[in-house]
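target37.cif follows; it contains mmCIF, C-alpha atoms.
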data_run
loop_
_atom_site.label_atom_id
_atom_site.label_comp_id
_atom_site.auth_asym_id
_atom_site.auth_seq_id
_atom_site.Cartn_x
_atom_site.Cartn_y
_atom_site.Cartn_z
CA MET A 1 4.58 -66.18 -20.35
CA ALA A 2 2.08 -68.94 -19.65
CA GLU A 3 0.14 -68.40 -16.41
CA LYS A 4 0.55 -71.02 -13.68
CA SER A 5 -2.55 -73.22 -13.30
CA LYS A 6 -4.40 -72.57 -10.03
CA PRO A 7 -6.48 -75.04 -8.03
CA THR A 8 -10.21 -74.51 -8.46
CA ALA A 9 -12.82 -74.04 -5.72
CA LYS A 10 -13.76 -77.72 -6.17
CA VAL A 11 -10.19 -78.77 -5.25
CA VAL A 12 -10.40 -76.59 -2.10
CA LEU A 13 -13.63 -78.33 -1.12
CA ILE A 14 -12.16 -81.76 -1.79
CA GLY A 15 -9.12 -80.78 0.31
CA LEU A 16 -11.47 -80.19 3.23
CA LEU A 17 -12.86 -83.73 3.15
CA PHE A 18 -9.94 -85.66 1.62
CA PRO A 19 -8.00 -86.24 4.90
CA ILE A 20 -11.05 -87.96 6.44
CA PHE A 21 -11.11 -90.56 3.68
CA LEU A 22 -7.31 -90.81 3.63
CA ILE A 23 -7.12 -91.54 7.37
CA ALA A 24 -9.85 -94.19 7.07
CA ALA A 25 -8.15 -95.79 4.04
CA ILE A 26 -4.65 -95.82 5.62
CA ASP A 27 -5.96 -97.22 8.91
CA LEU A 28 -7.88 -99.99 7.20
CA SER A 29 -4.87 -100.85 5.01
CA LEU A 30 -2.35 -100.83 7.86
CA ASN A 31 -4.34 -102.29 10.74
CA GLY A 32 -7.47 -103.87 9.27
CA ARG A 33 -10.78 -103.90 11.12
CA ILE A 34 -11.02 -103.36 14.88
CA THR A 35 -12.34 -106.41 16.73
CA ASN A 36 -15.90 -105.95 18.07
CA PHE A 37 -16.15 -102.52 16.51
CA GLY A 38 -17.91 -101.70 13.28
CA ILE A 39 -20.87 -100.17 11.56
CA ASP A 40 -23.18 -100.98 14.53
CA GLU A 41 -21.17 -98.55 16.68
CA LEU A 42 -20.70 -95.92 13.96
CA ASN A 43 -24.29 -95.60 12.72
CA PRO A 44 -25.80 -94.54 16.09
CA ARG A 45 -23.04 -91.92 16.42
CA ILE A 46 -23.79 -90.47 12.98
CA ALA A 47 -27.54 -90.40 13.74
CA ASN A 48 -27.17 -88.88 17.23
CA SER A 49 -24.63 -86.36 16.00
CA ALA A 50 -26.80 -85.32 13.04
CA LEU A 51 -29.91 -84.90 15.21
CA THR A 52 -28.10 -82.92 17.91
CA ALA A 53 -26.23 -80.75 15.39
CA PHE A 54 -29.58 -80.01 13.74
CA ILE A 55 -31.11 -78.90 17.05
CA LEU A 56 -28.11 -76.77 18.10
CA CYS A 57 -27.61 -75.22 14.66
CA THR A 58 -31.34 -74.46 14.28
CA THR A 59 -31.40 -72.84 17.75
CA PHE A 60 -28.44 -70.68 16.72
CA LEU A 61 -30.20 -69.72 13.48
CA LEU A 62 -33.37 -68.96 15.45
CA GLY A 63 -31.30 -66.32 17.29
CA ASN A 64 -30.23 -64.93 13.92
CA MET A 65 -33.89 -64.56 12.94
CA PHE A 66 -34.04 -61.57 15.31
CA PHE A 67 -31.48 -59.76 13.14
CA TYR A 68 -33.38 -60.75 10.00
CA GLY A 69 -36.58 -59.45 11.62
CA GLU A 70 -35.02 -56.02 12.18
CA SER A 71 -35.19 -55.34 8.44
CA ARG A 72 -38.72 -56.72 8.10
CA LYS A 73 -40.79 -54.93 10.80
CA ARG A 74 -40.28 -57.87 13.19
CA PRO A 75 -42.62 -60.47 11.65
CA LEU A 76 -43.58 -63.44 13.83
CA ALA A 77 -44.01 -66.00 11.04
CA PRO A 78 -40.27 -66.79 10.45
CA LEU A 79 -39.66 -67.00 14.21
CA PHE A 80 -42.59 -69.39 14.49
CA GLY A 81 -41.18 -71.41 11.55
CA MET A 82 -37.72 -71.77 13.12
CA THR A 83 -39.17 -72.57 16.57
CA THR A 84 -41.19 -75.33 14.88
CA ALA A 85 -37.98 -76.62 13.24
CA VAL A 86 -36.26 -76.77 16.66
CA LEU A 87 -39.25 -78.57 18.20
CA VAL A 88 -39.39 -81.04 15.29
CA GLY A 89 -35.67 -81.76 15.85
CA ILE A 90 -36.20 -82.38 19.58
CA ALA A 91 -39.30 -84.52 18.95
CA ALA A 92 -37.47 -86.57 16.27
CA THR A 93 -34.51 -87.15 18.62
CA ILE A 94 -36.73 -88.31 21.48
CA PHE A 95 -38.77 -90.47 19.10
CA PHE A 96 -35.75 -92.23 17.57
CA ILE A 97 -33.96 -92.76 20.90
CA ASN A 98 -37.20 -94.20 22.32
CA GLN A 99 -37.33 -96.84 19.59
CA GLY A 100 -35.03 -99.16 21.52
CA PRO A 101 -31.36 -99.55 22.42
CA MET A 102 -30.23 -98.73 18.85
CA LEU A 103 -29.37 -95.06 19.52
CA LEU A 104 -28.67 -95.32 23.25
CA GLU A 105 -24.87 -95.77 22.86
CA GLY A 106 -24.47 -97.46 26.24
CA ASN A 107 -26.47 -94.85 28.18
CA GLY A 108 -29.18 -96.10 30.51
CA SER A 109 -32.09 -93.81 29.61
CA VAL A 110 -33.38 -91.43 26.96
CA ARG A 111 -32.62 -88.44 29.21
CA ALA A 112 -29.03 -89.59 29.82
CA GLN A 113 -28.53 -90.09 26.07
CA LEU A 114 -29.97 -86.63 25.30
CA VAL A 115 -27.64 -84.97 27.82
CA TYR A 116 -24.68 -86.99 26.53
CA ASN A 117 -25.54 -86.04 22.93
CA ILE A 118 -25.53 -82.34 23.79
CA SER A 119 -22.22 -82.50 25.71
CA HIS A 120 -20.67 -84.64 22.99
CA THR A 121 -21.69 -82.30 20.17
CA ILE A 122 -20.60 -79.21 22.14
CA VAL A 123 -17.12 -80.75 22.65
CA SER A 124 -16.94 -81.65 18.94
CA ILE A 125 -17.97 -78.12 17.96
CA ILE A 126 -15.35 -76.65 20.36
CA ALA A 127 -12.70 -78.83 18.64
CA LEU A 128 -13.90 -77.70 15.20
CA VAL A 129 -13.93 -74.02 16.18
CA PHE A 130 -10.47 -74.28 17.78
CA SER A 131 -9.01 -75.86 14.64
CA LEU A 132 -10.68 -73.17 12.53
CA MET A 133 -9.12 -70.46 14.73
CA ILE A 134 -5.67 -72.06 14.39
CA THR A 135 -6.04 -72.27 10.60
CA LEU A 136 -7.24 -68.66 10.29
CA GLY A 137 -4.48 -67.52 12.69
CA ILE A 138 -1.76 -69.18 10.59
CA LEU A 139 -3.34 -67.88 7.37
CA PHE A 140 -3.51 -64.32 8.70
CA SER A 141 0.03 -64.52 10.13
CA THR A 142 1.54 -65.70 6.85
CA ILE A 143 -0.27 -62.98 4.91
CA THR A 144 0.85 -60.18 7.25
CA HIS A 145 4.45 -61.43 7.11
CA SER A 146 4.65 -61.74 3.35
CA THR A 147 6.05 -58.93 1.18
CA SER A 148 3.28 -56.69 -0.09
CA LYS A 149 2.17 -57.70 -3.59
CA ILE A 150 1.04 -54.11 -4.29
CA ARG A 151 4.51 -52.70 -3.61
CA LYS A 152 6.05 -55.44 -5.76
CA SER A 153 3.83 -54.71 -8.75
CA TYR A 154 4.41 -50.94 -8.30
CA VAL A 155 8.20 -51.49 -8.52
CA LEU A 156 7.72 -53.60 -11.63
CA VAL A 157 5.65 -50.86 -13.32
CA GLU A 158 8.25 -48.24 -12.41
CA GLU A 159 11.05 -50.36 -13.86
CA GLU A 160 9.14 -50.73 -17.12
CA MET B 1 -30.06 -83.72 38.55
CA LEU B 2 -31.37 -80.32 39.71
CA LYS B 3 -27.97 -79.44 41.15
CA ALA B 4 -26.30 -80.28 37.81
CA ALA B 5 -28.90 -78.17 35.98
CA VAL B 6 -28.33 -75.15 38.23
CA LEU B 7 -24.56 -75.40 38.65
CA PHE B 8 -23.56 -76.70 35.24
CA TRP B 9 -26.15 -76.49 32.45
CA LEU B 10 -27.56 -73.07 33.36
CA PRO B 11 -24.08 -71.45 33.53
CA PHE B 12 -23.19 -73.28 30.30
CA ALA B 13 -26.23 -71.74 28.59
CA PHE B 14 -25.22 -68.34 30.03
CA ILE B 15 -21.97 -68.33 28.00
CA PRO B 16 -23.54 -67.98 24.50
CA PHE B 17 -26.41 -65.93 25.98
CA GLY B 18 -23.93 -63.45 27.50
CA ILE B 19 -22.02 -63.20 24.21
CA TRP B 20 -25.32 -62.55 22.41
CA VAL B 21 -26.33 -59.83 24.90
CA SER B 22 -22.83 -58.27 24.70
CA GLN B 23 -23.41 -57.58 21.00
CA VAL B 24 -26.01 -54.92 21.90
CA LYS B 25 -24.06 -51.75 21.07
CA SER B 26 -26.79 -49.23 21.90
CA SER B 27 -26.33 -49.55 25.68
CA SER B 28 -22.92 -49.90 27.32
CA VAL B 29 -24.53 -51.22 30.54
CA VAL B 30 -26.23 -54.09 28.69
CA ASN B 31 -23.01 -54.67 26.75
CA LYS B 32 -20.96 -55.00 29.96
CA LEU B 33 -23.68 -57.11 31.57
CA GLY B 34 -23.40 -59.55 28.65
CA TYR B 35 -19.64 -59.96 29.15
CA THR B 36 -20.11 -60.36 32.92
CA ILE B 37 -22.73 -63.09 32.39
CA SER B 38 -20.38 -64.92 29.99
CA ILE B 39 -17.39 -64.72 32.34
CA LEU B 40 -19.48 -65.87 35.32
CA GLY B 41 -20.90 -68.75 33.26
CA THR B 42 -17.41 -69.83 32.17
CA ALA B 43 -16.11 -69.68 35.76
CA LEU B 44 -19.00 -71.84 37.02
CA VAL B 45 -18.53 -74.38 34.20
CA LEU B 46 -14.80 -74.61 34.96
CA ALA B 47 -15.61 -75.08 38.65
CA SER B 48 -18.12 -77.88 37.94
CA PRO B 49 -15.74 -80.77 38.88
CA TRP B 50 -15.87 -79.34 42.44
CA THR B 51 -19.43 -77.98 42.53
CA VAL B 52 -21.17 -81.03 40.99
CA PRO B 53 -18.65 -83.90 41.35
CA GLU B 54 -21.42 -86.55 41.14
CA SER B 55 -22.68 -85.42 37.70
CA PRO B 56 -21.10 -87.04 34.59
CA SER B 57 -21.55 -83.70 32.77
CA ASN B 58 -18.79 -82.10 34.87
CA ALA B 59 -16.31 -83.94 32.60
CA VAL B 60 -16.92 -81.12 30.08
CA GLY B 61 -15.82 -78.53 32.67
CA HIS B 62 -12.86 -80.76 33.57
CA LEU B 63 -11.85 -80.91 29.88
CA LEU B 64 -12.24 -77.15 29.38
CA GLY B 65 -9.99 -76.55 32.40
CA PHE B 66 -7.34 -78.88 30.99
CA ILE B 67 -7.30 -77.43 27.48
CA ALA B 68 -7.53 -73.77 28.59
CA GLY B 69 -3.74 -73.47 29.05
CA PRO B 70 -2.54 -74.72 25.63
CA THR B 71 -5.48 -73.04 23.86
CA ILE B 72 -4.66 -69.63 25.32
CA LEU B 73 -0.95 -70.06 24.52
CA ILE B 74 -1.64 -71.07 20.90
CA LEU B 75 -4.15 -68.30 20.21
CA LEU B 76 -2.09 -65.63 22.00
CA GLY B 77 0.97 -66.80 20.07
CA LEU B 78 -0.85 -66.55 16.75
CA PHE B 79 -2.18 -63.10 17.68
CA LYS B 80 1.34 -61.83 18.45
CA ILE B 81 2.77 -63.31 15.25
CA ALA B 82 -0.03 -61.89 13.09
CA TYR B 83 0.11 -58.38 14.55
CA SER B 84 3.90 -58.14 14.36
CA GLY B 85 3.65 -58.30 10.56
CA ASN B 86 2.55 -55.71 7.99
CA VAL B 87 -0.57 -54.34 9.66
CA PRO B 88 -1.65 -50.71 9.20
CA VAL B 89 -2.31 -50.00 12.92
CA GLY B 90 -1.25 -51.49 16.25
CA LYS B 91 1.87 -53.18 14.90
CA LEU B 92 3.81 -55.19 17.50
CA SER B 93 7.61 -55.38 17.70
CA GLU B 94 9.97 -58.03 16.32
CA GLY B 95 10.46 -59.31 19.88
CA ASP B 96 6.71 -59.90 20.18
CA ARG B 97 6.86 -62.02 17.06
CA ASN B 98 9.53 -64.25 18.60
CA ILE B 99 7.53 -64.51 21.82
CA GLY B 100 4.47 -65.38 19.70
CA VAL B 101 6.31 -68.18 17.90
CA ALA B 102 7.55 -69.54 21.25
CA LEU B 103 4.03 -69.41 22.79
CA PHE B 104 2.52 -71.12 19.75
CA LEU B 105 5.09 -73.93 19.79
CA ILE B 106 4.83 -74.42 23.58
CA GLY B 107 1.01 -74.60 23.24
CA LEU B 108 1.26 -77.25 20.51
CA LEU B 109 3.83 -79.21 22.51
CA TRP B 110 1.61 -79.04 25.61
CA LEU B 111 -1.37 -80.39 23.64
CA GLY B 112 0.80 -83.15 22.17
CA LEU B 113 2.14 -84.16 25.58
CA MET B 114 -1.41 -84.33 26.92
CA HIS B 115 -1.79 -87.38 24.71
CA TRP B 116 1.67 -88.94 24.91
CA TRP B 117 2.77 -88.20 28.47
CA GLU B 118 1.41 -88.34 32.02
CA ILE B 119 -0.57 -85.08 31.77
CA THR B 120 -3.61 -86.63 30.07
CA PRO B 121 -6.91 -85.36 31.60
CA ILE B 122 -7.79 -88.10 34.05
CA MET B 123 -10.96 -88.00 36.18
CA SER B 124 -11.03 -88.63 39.92
CA ASP B 125 -12.11 -92.26 39.31
CA GLY B 126 -8.83 -92.93 37.45
CA GLU B 127 -10.42 -93.08 33.98
CA ILE B 128 -9.36 -90.81 31.12
CA ASN B 129 -11.88 -87.99 30.63
CA ARG B 130 -14.08 -89.39 27.85
CA TYR B 131 -14.62 -85.95 26.34
CA TRP B 132 -10.84 -85.61 25.87
CA LEU B 133 -11.05 -88.76 23.74
CA ILE B 134 -13.69 -87.00 21.63
CA PHE B 135 -11.93 -83.63 21.55
CA LEU B 136 -8.44 -84.72 20.43
CA PRO B 137 -9.36 -86.85 17.37
CA ASN B 138 -11.93 -84.24 16.30
CA LEU B 139 -9.34 -81.47 16.63
CA LEU B 140 -6.69 -83.39 14.69
CA ILE B 141 -9.03 -84.48 11.88
CA SER B 142 -10.58 -81.04 11.44
CA LEU B 143 -7.16 -79.32 11.68
CA THR B 144 -5.83 -81.61 8.95
CA GLY B 145 -8.77 -80.87 6.66
CA LEU B 146 -9.11 -77.16 7.36
CA SER B 147 -5.37 -76.41 7.05
CA LEU B 148 -5.18 -78.33 3.78
CA ALA B 149 -8.24 -76.49 2.45
CA GLY B 150 -6.83 -73.15 3.72
CA GLY B 151 -3.52 -73.73 1.93
CA LEU B 152 -5.32 -74.69 -1.28
CA ALA B 153 -7.62 -71.66 -0.93
CA MET B 154 -4.55 -69.38 -0.72
CA LEU B 155 -3.26 -70.84 -3.97
CA ALA B 156 -6.70 -70.76 -5.61
CA PHE B 157 -7.80 -67.25 -4.68
CA GLY B 158 -4.49 -65.44 -4.07
CA ASP B 159 -1.66 -64.41 -6.39
CA ASN B 160 1.78 -65.95 -5.86
CA ARG B 161 0.91 -67.30 -2.41
CA GLY B 162 2.93 -70.51 -2.82
CA SER B 163 5.49 -69.75 -0.11
CA GLU B 164 2.82 -68.57 2.38
CA SER B 165 0.60 -71.62 1.85
CA ARG B 166 3.48 -73.92 2.86
CA TYR B 167 2.87 -73.13 6.55
CA LEU B 168 -0.73 -74.31 6.30
CA PHE B 169 0.30 -77.44 4.40
CA GLY B 170 2.91 -78.03 7.11
CA MET B 171 0.28 -77.72 9.87
CA SER B 172 -1.99 -80.12 8.00
CA LEU B 173 0.82 -82.63 7.56
CA GLY B 174 1.86 -82.30 11.22
CA ALA B 175 -1.69 -82.96 12.47
CA PHE B 176 -2.03 -85.87 10.05
CA LEU B 177 1.24 -87.50 11.18
CA PHE B 178 0.29 -87.00 14.86
CA LEU B 179 -2.98 -88.78 14.16
CA LEU B 180 -1.30 -91.67 12.34
CA CYS B 181 1.31 -92.09 15.10
CA ALA B 182 -1.36 -92.05 17.82
CA MET B 183 -3.34 -94.69 15.88
CA ASN B 184 -0.34 -96.99 15.72
CA ILE B 185 1.73 -96.34 18.86
CA ASP B 186 0.45 -96.74 22.44
CA SER B 187 0.71 -93.66 24.68
CA THR B 188 1.30 -93.68 28.44
CA ASN B 189 -2.42 -93.81 29.27
CA LEU B 190 -4.12 -95.00 26.08
CA SER B 191 -3.58 -97.90 23.71
CA ALA B 192 -3.41 -97.34 19.94
CA ILE B 193 -6.46 -99.59 19.37
CA GLU B 194 -8.60 -97.54 21.76
CA PHE B 195 -7.49 -94.36 20.05
CA ARG B 196 -8.35 -95.87 16.65
CA GLU B 197 -11.91 -96.51 17.88
CA TYR B 198 -12.24 -92.88 18.93
CA VAL B 199 -10.86 -91.68 15.58
CA TRP B 200 -13.51 -93.72 13.76
CA LEU B 201 -16.20 -92.36 16.09
CA SER B 202 -14.91 -88.85 15.41
CA ILE B 203 -15.18 -89.41 11.67
CA ALA B 204 -18.79 -90.53 12.27
CA ASP B 205 -19.29 -87.48 14.46
CA ILE B 206 -18.03 -85.03 11.84
CA ILE B 207 -20.18 -86.65 9.15
CA GLY B 208 -23.21 -86.33 11.48
CA ILE B 209 -22.44 -82.68 12.28
CA ILE B 210 -22.14 -81.89 8.56
CA ILE B 211 -25.48 -83.62 7.79
CA GLY B 212 -27.27 -81.94 10.75
CA SER B 213 -25.89 -78.49 9.94
CA ILE B 214 -26.82 -78.76 6.25
CA LEU B 215 -30.37 -79.83 7.16
CA SER B 216 -30.61 -76.93 9.59
CA ILE B 217 -29.42 -74.39 7.00
CA ILE B 218 -31.89 -75.84 4.48
CA SER B 219 -34.79 -75.38 6.95
CA PHE B 220 -33.61 -71.81 7.72
CA ALA B 221 -33.50 -70.97 4.00
CA LEU B 222 -36.88 -72.65 3.49
CA VAL B 223 -38.52 -70.61 6.29
CA ILE B 224 -37.21 -67.34 4.83
CA PHE B 225 -38.13 -68.38 1.28
CA VAL B 226 -41.72 -69.29 2.26
CA TYR B 227 -42.12 -66.06 4.27
CA GLU B 228 -40.70 -63.82 1.54
CA ARG B 229 -42.92 -65.50 -1.08
CA SER B 230 -46.01 -64.92 1.06
CA LEU B 231 -45.38 -61.16 1.15
CA PRO B 232 -47.57 -59.09 -1.22
CA LYS B 233 -45.83 -57.62 -4.24
CA PRO B 234 -44.85 -53.95 -3.74
CA GLU B 235 -47.38 -51.61 -5.37
CA SER B 236 -46.29 -50.04 -8.66
CA ILE B 237 -46.27 -46.26 -8.79
CA GLU B 238 -47.32 -44.04 -11.69
CA PRO B 239 -44.58 -43.03 -14.15
CA PRO B 240 -43.36 -39.41 -13.73
CA ASN B 241 -45.46 -36.75 -15.48
CA ASN B 242 -44.07 -33.96 -17.69
CA HIS B 243 -43.87 -31.47 -14.82
CA GLU B 244 -41.82 -33.90 -12.68
CA LEU B 245 -39.55 -34.76 -15.61
CA ALA B 246 -38.91 -31.08 -16.22
CA GLN B 247 -38.07 -30.59 -12.55
CA VAL B 248 -35.60 -33.51 -12.61
CA THR B 249 -34.01 -32.16 -15.79
CA GLN B 250 -33.54 -28.81 -14.11
CA VAL B 251 -31.91 -30.38 -11.00
CA ILE B 252 -29.54 -32.43 -13.15
CA LYS B 253 -28.69 -29.38 -15.24
CA ASN B 254 -27.87 -27.40 -12.10
CA ASN B 255 -25.53 -30.09 -10.77
CA ILE B 256 -23.47 -31.28 -13.75
CA GLY B 257 -21.04 -29.53 -16.04
CA GLY B 258 -18.33 -27.04 -15.16
CA ASP B 259 -17.09 -23.58 -15.77
CA ASP B 260 -14.62 -24.65 -18.45
#
Please re-express this file's structure in structure tokens.
Amino acid sequence: MAEKSKPTAKVVLIGLLFPIFLIAAIDLSLNGRITNFGIDELNPRIANSALTAFILCTTFLLGNMFFYGESRKRPLAPLFGMTTAVLVGIAATIFFINQGPMLLEGNGSVRAQLVYNISHTIVSIIALVFSLMITLGILFSTITHSTSKIRKSYVLVEEE
Amino acid sequence: MLKAAVLFWLPFAFIPFGIWVSQVKSSSVVNKLGYTISILGTALVLASPWTVPESPSNAVGHLLGFIAGPTILILLGLFKIAYSGNVPVGKLSEGDRNIGVALFLIGLLWLGLMHWWEITPIMSDGEINRYWLIFLPNLLISLTGLSLAGGLAMLAFGDNRGSESRYLFGMSLGAFLFLLCAMNIDSTNLSAIEFREYVWLSIADIIGIIIGSILSIISFALVIFVYERSLPKPESIEPPNNHELAQVTQVIKNNIGGDD
């Protein structure tokens, strides 16, 4: 009997990003452009989000360096490297926000924008983590409620 | 500013710090201290609309307080459903499964009504909490993508998982339809056009988070790569001499074979 074709890992990856493009395409087709809203509002958000995600993610990975160090007689060089990466991220954020109103997103000062960026990214990450937990919860629930594939194949072998 | 730092940002930083400390398994005191720090931090963040009402950051605490109810219901529901299935230990009863399904559905309904009905998180100045307008589109977009990818992953990496993957595809479709409806129909407190703006900003946000995270992982890998390359090569040792080979042969001979 011919085996059913399975989706590849590439299809899984495309499935992750496909809804984003689909939503954008459907919205543009149905409703057209939003008045007084466009690329000038979206670009600062992408830049601020990327810079803040870099800082937060690098800080998290800096914490993981301690676990890496446990297997390497606690060297200081990788810790120094990651701390430098965090500092470069912070310096780049302050530098770019200081360049003018481009990245300020309606906030009055650099400090207000920095604080807003952190809160904004934390809320986005909470939403991402919550959706991941729901997905994993449903996945795990469906697996535990399905009939065991091992038992099924065992019965098949016995019948043969 | 100082008050916001002490009563909001410091407790906020204590949450991940406490979780990190709680992972120390060698000392139960440190472990418990970690959990206590996290719980205290969470309580102070949730109380921030009262402790620092003048700070705009307290909107995060306000949002967390609003979403705590449906989040707990959904996750508790999923836990009960999952552990009432075929698990080797700690299996819950059939009744728990039904309670789990009810909790999960009530949680989803609650979240949905927070957009469509009067229970939207509204700040004391009468404005909708701006972080809610970031949270909801981000949640819906990521839930659509992750559930779709999860369903496809079940088909790709599992055997005969077609019927199980339908639930994930259903969740993805549900989140997608919710998003489309909210982008086209006004809710009690928010117009469809305003929601569309926030959906577009969320798409920008997710793209930014992906770019920032990838750059961060690249720098992490680069730091480890550079450090590992700088390490001296391990010294080679001499090959075993005849005496050592004979000894090894004897040990092997003593440990293999059988009486038959």
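Proximity to chain A was assessed for B:Gln250, B:Ser22, B:Thr71, B:Thr51 counting all atoms listed in the file; the smallest distance is recorded for B:Thr71.
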Go through A:Leu132, A:Leu42, A:Ile26, A:Val110 and flag the residue nearest Leu146 of chain B, using only C-alpha atoms for the distances.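 Going through A:Leu132, A:Leu42, A:Ile26, A:Val110 one by one, the smallest distance to Leu146 of chain B is for A:Leu132.
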To one decimal place, how far is atom CA of Leu114 of chain A from atom CA of Ala91 of chain A in Å?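 These atoms are spaced 11.5 Å apart.
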Selection in question (the file shown): the PyMOL selection byres ((chain A and resi 122) around 12). Which residues does it include, as a PyMOL selection string? (chain A and resi 49+52-53+55-57+115-121+123-129) or (chain B and resi 12-13+16+57+60-61+63-64+131+134-135+138+205+209)
Around (-8.3, -80.4, 1.6), as given in the file, which residues come within 8 Å? Count only C-alpha atoms and list them as a PyMOL selection string. (chain A and resi 11-19) or (chain B and resi 144-150+152)
Write out as a list of chain:residue names the residues lying within 10 Å of Ala47 of chain A, counting only C-alpha atoms and excluding same-chain residues fewer than 2 positions away. A:Leu42, A:Asn43, A:Pro44, A:Arg45, A:Ser49, A:Ala50, A:Leu51, A:Thr52, A:Ala53, A:Thr93, A:Phe96, A:Ile97, A:Leu103, B:Ala204, B:Asp205, B:Ile207, B:Gly208, B:Ile209, B:Ile211, B:Gly212
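Interatomic distance, atom CA of Pro75 of chain A against atom CA of Leu87 of chain A: 19.5 Å.
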From the set A:Pro7, A:Gly69, A:Gly89, A:Gly106, which residue has the shortest atom-to-atom contact distance to Ser213 of chain B, counting all atoms listed in the file?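 Between A:Pro7, A:Gly69, A:Gly89, A:Gly106, the residue approaching Ser213 of chain B most closely is A:Gly89.
Atom pair atom CA of Asp159 of chain B / atom CA of Leu139 of chain A: separated by 14.3 Å.
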Once the PyMOL selection byres ((chain B and resi 80-94) around 8) is applied to the coordinates I shared, what remains selected? I want it as a VMD selection string. (chain A and resid 137 to 138 140 to 142 144 to 146) or (chain B and resid 76 to 79 95 to 101)
Distance query Phe130 of chain A at most 10 Å, all atoms listed in the file, self and fewer than 5 positions along chain excluded, as a PyMOL selection string: (chain A and resi 124-125+135-136) or (chain B and resi 71+74-75+139+142-143)
Residue selection dump (C-alpha atoms) as a short mmCIF file (atom, residue, chain, number, x, y, z; two decimals), in the frame of the given file:
data_model
loop_
_atom_site.label_atom_id
_atom_site.label_comp_id
_atom_site.auth_asym_id
_atom_site.auth_seq_id
_atom_site.Cartn_x
_atom_site.Cartn_y
_atom_site.Cartn_z
CA SER A 124 -16.94 -81.65 18.94
CA ILE A 125 -17.97 -78.12 17.96
CA THR A 135 -6.04 -72.27 10.60
CA LEU A 136 -7.24 -68.66 10.29
CA THR B 71 -5.48 -73.04 23.86
CA ILE B 74 -1.64 -71.07 20.90
CA LEU B 75 -4.15 -68.30 20.21
CA LEU B 139 -9.34 -81.47 16.63
CA SER B 142 -10.58 -81.04 11.44
CA LEU B 143 -7.16 -79.32 11.68
#
Residues within 12 Å of Leu61 of chain A, only C-alpha atoms, excluding chain neighbours under 5 positions, as a PyMOL selection string: (chain A and resi 53-56+66-68+78-79+81-83+85-86) or (chain B and resi 213+215-221+223-224)
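When only C-alpha atoms are used to measure the gap to chain A, the shortest distance among B:Ser236, B:Asn242, B:Ser202, B:Gln23 belongs to B:Ser202.
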Residue with smallest distance to Phe80 of chain A - pool B:Tyr227, B:Ala47, B:Val24, B:Glu235, counting all atoms listed in the file: B:Tyr227
Let me know the residues the PyMOL selection byres ((chain B and resi 48) around 8) catches in the file above, as a list in words.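 Answer for the PyMOL selection byres ((chain B and resi 48) around 8): Leu7, Phe8, Leu44, Val45, Leu46, Ala47, Pro49, Trp50, Thr51, Val52, Pro53, Asn58, Gly61 and His62 of chain B.
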Place N, CA and C atoms on segment 117-127 of chain B and deliver the coordinates as a compact mmCIF listing (two decimals), in the coordinates of the input.
# COMPACT_ATOMS: atom_id res chain seq x y z
N TRP B 117 2.08 -88.16 27.18
CA TRP B 117 2.77 -88.20 28.47
C TRP B 117 1.76 -88.36 29.60
N GLU B 118 2.23 -88.11 30.82
CA GLU B 118 1.41 -88.34 32.02
C GLU B 118 0.33 -87.27 32.25
N ILE B 119 0.35 -86.20 31.44
CA ILE B 119 -0.57 -85.08 31.77
C ILE B 119 -1.92 -85.19 31.05
N THR B 120 -2.29 -86.39 30.67
CA THR B 120 -3.61 -86.63 30.07
C THR B 120 -4.71 -86.28 31.08
N PRO B 121 -5.82 -85.65 30.64
CA PRO B 121 -6.91 -85.36 31.60
C PRO B 121 -7.53 -86.64 32.16
N ILE B 122 -7.26 -86.89 33.41
CA ILE B 122 -7.79 -88.10 34.05
C ILE B 122 -8.75 -87.69 35.16
N MET B 123 -9.93 -88.33 35.19
CA MET B 123 -10.96 -88.00 36.18
C MET B 123 -10.58 -88.57 37.55
N SER B 124 -11.35 -88.18 38.56
CA SER B 124 -11.03 -88.63 39.92
C SER B 124 -11.17 -90.15 40.10
N ASP B 125 -11.97 -90.80 39.20
CA ASP B 125 -12.11 -92.26 39.31
C ASP B 125 -10.98 -93.02 38.61
N GLY B 126 -9.99 -92.28 38.08
CA GLY B 126 -8.83 -92.93 37.45
C GLY B 126 -8.98 -93.16 35.96
N GLU B 127 -10.18 -92.89 35.42
CA GLU B 127 -10.42 -93.08 33.98
C GLU B 127 -10.04 -91.81 33.22
